[in-house]
Amino acid sequence: MSRDSARPALAQAEMGFEVLEKVICFQGFFRMERYRLRHRKFDGGWSRPITRELLERGHAAAVLPYDPERDRVVLIEQFRAGAMSAPGGPWLLEIVAGMIDTDEPAEQVVTRESVEEAGCCVSDLIPLYDYLVSPGGTTERIALFCGRVDTSGIGGIHGKAEEDEDIKVHVMALAQARALLNSGRIGSASAIIALQWLLLNQEIVRQRWLSG
């Protein structure tokens, strides 16, 4: 159940919305839910009842591994079915990410996924943002981090075979990642946001991690 729909009716009303009906339309790897609801309007009144479908897939955490000594980042590349009609095709350059299990700390998720997806160990995690992916159609949020990594010896193909993961690791200079970002080669939202943050805060991060 999505976080807002689970709120008691009184709490919903205090926050300015009311769920009148909820129906599970589909339950598979993801879940599709249909809501009939109303919400407060800016003039102080209530909207008429409206119907909205929401994709409920849980929440995720993602990390951009960065090597401050070599000024390199770690990106991963894998097939994404949702990008089959995208101009650049379905193999996307992304950052390490994974779904958050119930009550699991986001930091634990990105630490585990960094090993599974990229064969590297991240440390000194810096929280960046906790953002909604596409709130018009899904409840999913992503907790985003930048993590310190030693890129020596990192590379190859990774991923869990039982989950049909086939992940290629790319280690590149931050300047090269910037060029890929500016050319449109990187189209994943979490990778775009994390790289832009690092480009804006590169010197602060290097001073913070290398001062010791």
# chains A, B, ... in the order shown; residues from 1 in each chain; ligands from 1

$ residues_around --residues "A:Ala118" --least-positions-apart "2" --cutoff "9 Å" --atoms "only C-alpha atoms" --output "list in words"
Val74, Leu75, Ile76, Val96, Glu113, Ser114, Val115, Glu116, Cys120, Cys121, Ile154, Gly155, Gly156, Ile157, His158, Gly159, Ile167, Lys168, Val169 and His170 of chain A

$ write_last_selection --atoms "C-alpha atoms" --output "PDB file, in the first residue's frame"
ATOM      1  CA  VAL A  74      31.736   4.215 -11.839  1.00  0.00           C
ATOM      2  CA  LEU A  75      28.751   3.819 -14.164  1.00  0.00           C
ATOM      3  CA  ILE A  76      26.959   0.623 -15.093  1.00  0.00           C
ATOM      4  CA  VAL A  96      24.184   1.571  -8.935  1.00  0.00           C
ATOM      5  CA  GLU A 113      24.129  -3.252  -4.559  1.00  0.00           C
ATOM      6  CA  SER A 114      27.541  -1.691  -5.232  1.00  0.00           C
ATOM      7  CA  VAL A 115      29.138  -5.081  -4.638  1.00  0.00           C
ATOM      8  CA  GLU A 116      26.510  -7.020  -6.600  1.00  0.00           C
ATOM      9  CA  CYS A 120      33.103  -2.341  -5.686  1.00  0.00           C
ATOM     10  CA  CYS A 121      32.807  -1.223  -2.082  1.00  0.00           C
ATOM     11  CA  ILE A 154      37.163  -2.346 -10.989  1.00  0.00           C
ATOM     12  CA  GLY A 155      35.482  -3.461 -14.220  1.00  0.00           C
ATOM     13  CA  GLY A 156      34.022  -6.469 -15.990  1.00  0.00           C
ATOM     14  CA  ILE A 157      30.533  -7.985 -16.062  1.00  0.00           C
ATOM     15  CA  HIS A 158      28.489  -8.299 -12.886  1.00  0.00           C
ATOM     16  CA  GLY A 159      24.962  -8.933 -11.616  1.00  0.00           C
ATOM     17  CA  ILE A 167      25.659  -5.557 -16.029  1.00  0.00           C
ATOM     18  CA  LYS A 168      28.755  -4.045 -17.623  1.00  0.00           C
ATOM     19  CA  VAL A 169      30.875  -1.751 -15.455  1.00  0.00           C
ATOM     20  CA  HIS A 170      32.420   1.424 -16.850  1.00  0.00           C
TER      21      HIS A 170
END

$ residues_around --residues "A:Asp164" --least-positions-apart "6" --cutoff "12 Å" --atoms "only C-alpha atoms" --output "PyMOL selection string"
chain A and resi 78-80+117+158

$ select_by_dssp --residues "chain A" --states "strand (DSSP E)" --output "PyMOL selection string"
chain A and resi 17-27+31-39+50-56+60-67+72-79+91-94+96-99+123-132+141-148+157-158+167-173

$ closest_residue --among "A:Arg185, A:His59, A:Arg112, A:Arg206" --to "A:Leu132" --atoms "only C-alpha atoms"
A:His59

$ closest_residue --among "A:Gly16, A:Pro135, A:Arg141, A:Asp124" --to "A:Gly44" --atoms "only C-alpha atoms"
A:Gly16

$ atom_distance --atom1 "atom CA of A:Asp150" --atom2 "atom CA of A:Glu163"
26.7 Å

$ residues_around --residues "A:Tyr129" --least-positions-apart "3" --cutoff "9 Å" --atoms "only C-alpha atoms" --output "compact mmCIF listing (two decimals) with N, CA, C and O atoms, in the first residue's frame"
# COMPACT_ATOMS: atom_id res chain seq x y z
N ILE A 142 13.29 7.73 -4.70
CA ILE A 142 14.67 7.26 -4.72
C ILE A 142 15.50 8.08 -3.74
O ILE A 142 15.49 9.31 -3.78
N ALA A 143 16.20 7.37 -2.84
CA ALA A 143 17.18 8.00 -1.95
C ALA A 143 18.52 7.96 -2.67
O ALA A 143 19.02 6.87 -3.00
N LEU A 144 19.09 9.12 -2.93
CA LEU A 144 20.27 9.23 -3.79
C LEU A 144 21.51 9.60 -2.98
O LEU A 144 21.44 10.48 -2.11
N PHE A 145 22.63 8.94 -3.29
CA PHE A 145 23.88 9.16 -2.56
C PHE A 145 25.05 9.31 -3.53
O PHE A 145 24.98 8.88 -4.69
N ILE A 193 20.97 13.33 -12.22
CA ILE A 193 20.92 14.14 -11.01
C ILE A 193 22.21 14.01 -10.21
O ILE A 193 22.79 15.01 -9.75
N ALA A 194 22.69 12.77 -10.03
CA ALA A 194 23.90 12.55 -9.23
C ALA A 194 25.13 13.15 -9.89
O ALA A 194 25.98 13.76 -9.21

$ closest_residue --among "A:Arg52, A:Arg208, A:Lys22, A:Arg57" --to "A:Ile126" --atoms "only C-alpha atoms"
A:Arg208
